[in-house]
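Student: This is run_6.csv, which holds CSV, C-alpha atoms:
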```csv
chain,number,residue,atom,x,y,z
Z,1,MET,CA,114.6,104.4,80.4
Z,2,ALA,CA,111.5,105.8,78.8
Z,3,THR,CA,111.5,106.6,75.1
Z,4,LEU,CA,109.7,109.5,73.5
Z,5,ARG,CA,108.2,110.2,70.1
Z,6,ILE,CA,108.1,113.7,68.5
Z,7,GLU,CA,105.7,114.3,65.6
Z,8,PRO,CA,105.1,117.5,63.6
Z,9,THR,CA,101.4,117.9,63.2
Z,10,ARG,CA,99.4,120.3,61.1
Z,11,ASP,CA,96.9,122.5,63.0
Z,12,PRO,CA,93.6,122.5,60.9
Z,13,ALA,CA,92.6,125.9,62.2
Z,14,THR,CA,95.7,127.8,61.2
Z,15,GLY,CA,97.4,125.5,58.7
Z,16,LEU,CA,100.6,125.8,60.7
Z,17,PHE,CA,102.5,122.9,62.2
Z,18,TYR,CA,103.2,122.2,65.9
Z,19,LEU,CA,105.3,119.6,67.6
Z,20,ALA,CA,103.5,116.9,69.7
Z,21,VAL,CA,105.7,115.0,72.2
Z,22,TYR,CA,104.6,111.6,73.2
Z,23,MET,CA,106.0,109.9,76.3
Z,24,PRO,CA,106.2,107.0,76.4
Z,25,ALA,CA,106.6,106.7,72.7
Z,26,ASP,CA,103.6,104.4,72.3
Z,27,SER,CA,101.2,106.8,74.1
Z,28,GLN,CA,98.0,107.6,72.2
Z,29,SER,CA,97.9,111.3,73.3
Z,30,PRO,CA,100.7,113.8,73.5
Z,31,PHE,CA,102.5,114.6,76.8
Z,32,VAL,CA,103.0,118.2,75.6
Z,33,THR,CA,102.7,120.2,72.4
Z,34,THR,CA,104.1,123.5,71.1
Z,35,ALA,CA,102.0,126.3,69.7
Z,36,PRO,CA,101.3,126.0,66.0
Z,37,ARG,CA,104.0,128.3,64.6
Z,38,TYR,CA,105.9,126.5,61.9
Z,39,MET,CA,105.3,126.8,58.2
Z,40,SER,CA,106.2,123.2,57.5
Z,41,ALA,CA,106.9,119.9,59.2
Z,42,ALA,CA,110.5,120.2,58.2
Z,43,ALA,CA,110.8,123.6,59.9
Z,44,ALA,CA,109.3,122.2,63.1
Z,45,GLU,CA,111.7,119.2,63.1
Z,46,GLN,CA,114.7,121.5,62.4
Z,47,ASP,CA,113.7,123.7,65.3
Z,48,MET,CA,113.5,120.7,67.7
Z,49,ILE,CA,116.9,119.5,66.6
Z,50,ALA,CA,118.4,122.9,67.1
Z,51,THR,CA,116.8,123.2,70.6
Z,52,LEU,CA,118.1,119.7,71.7
Z,53,THR,CA,121.5,120.4,70.3
Z,54,ALA,CA,121.8,123.8,72.1
Z,55,ALA,CA,120.7,122.1,75.4
Z,56,ALA,CA,123.1,119.3,75.0
Z,57,ASN,CA,126.0,121.7,74.3
Z,58,ARG,CA,125.2,124.1,77.1
Z,59,PRO,CA,128.1,124.3,79.7
Z,60,ARG,CA,127.3,122.6,83.0
```
Give the structure from this file in structure tokens form.
Tutor:
Amino acid sequence: MATLRIEPTRDPATGLFYLAVYMPADSQSPFVTTAPRYMSAAAAEQDMIATLTAAANRPR
């Protein structure tokens, strides 16, 4: 099973944060990123947790 790493990163152009997803976890460049839309790293992390929780709790 592959592991992944998710890092909030500040966009130097806007000052906002985006999420960078690395897969596999030790990859040097991100597999995918979000748009820079978060005011803080904590807000980005909380949004990712909420998204994963909603997906995990969705009826199948």
Student: Report the distance between atom CA of Ala43 of chain Z and atom CA of Asp11 of chain Z in Å, rounded to one decimal place.
Tutor: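 For atom CA of Ala43 of chain Z relative to atom CA of Asp11 of chain Z, the distance reads 14.3 Å.
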Student: Between Z:Ala13, Z:Ala56, Z:Leu19, Z:Ala2, which one has atoms that come closest to Tyr38 of chain Z, using all atoms listed in the file?
Tutor: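 When distances to Tyr38 of chain Z are compared using all atoms listed in the file, the smallest one comes from Z:Leu19.
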Student: Calculated over only C-alpha atoms, which of the candidates Z:Thr33, Z:Thr53, Z:Pro59, Z:Pro24 has the smallest distance to Glu7 of chain Z?
Tutor: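 Nearest to Glu7 of chain Z: Z:Thr33.
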Student: Between Z:Thr34, Z:Gln46, Z:Ser40, Z:Asn57, which one has atoms that come closest to Gly15 of chain Z, using all atoms listed in the file?
Tutor: Z:Ser40
Student: Record the distance separating atom CA of Gln28 of chain Z and atom CA of Arg5 of chain Z, expressed in Å with one decimal.
Tutor: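 The value is 10.7 Å.
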Student: Mind pulling up the distance from atom CA of Pro36 of chain Z to atom CA of Tyr22 of chain Z?
Tutor: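 Distance reported for this atom pair: 16.4 Å.
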Student: Would you kindly return, as an mmCIF file with C-alpha atoms, keeping the file's coordinate frame, each protein, DNA or RNA residue with an atom no farther than 7 Å from any atom of Met23 of chain Z, considering all atoms listed in the file and excluding same-chain residues fewer than 6 positions away?
Tutor:
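Written out: part_26.cif:
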```
data_model
loop_
_atom_site.group_PDB
_atom_site.id
_atom_site.type_symbol
_atom_site.label_atom_id
_atom_site.label_comp_id
_atom_site.auth_asym_id
_atom_site.auth_seq_id
_atom_site.Cartn_x
_atom_site.Cartn_y
_atom_site.Cartn_z
ATOM 1 C CA THR Z 3 111.500 106.600 75.100
ATOM 2 C CA LEU Z 4 109.700 109.500 73.500
ATOM 3 C CA ARG Z 5 108.200 110.200 70.100
ATOM 4 C CA PHE Z 31 102.500 114.600 76.800
#
```
Student: Tell me, as number ranges by chain, which residues lie within 7 Å of Ala41 of chain Z, counting only C-alpha atoms; anything in the same chain fewer than 3 positions away does not count.
Tutor: Z: 8, 17, 44-45
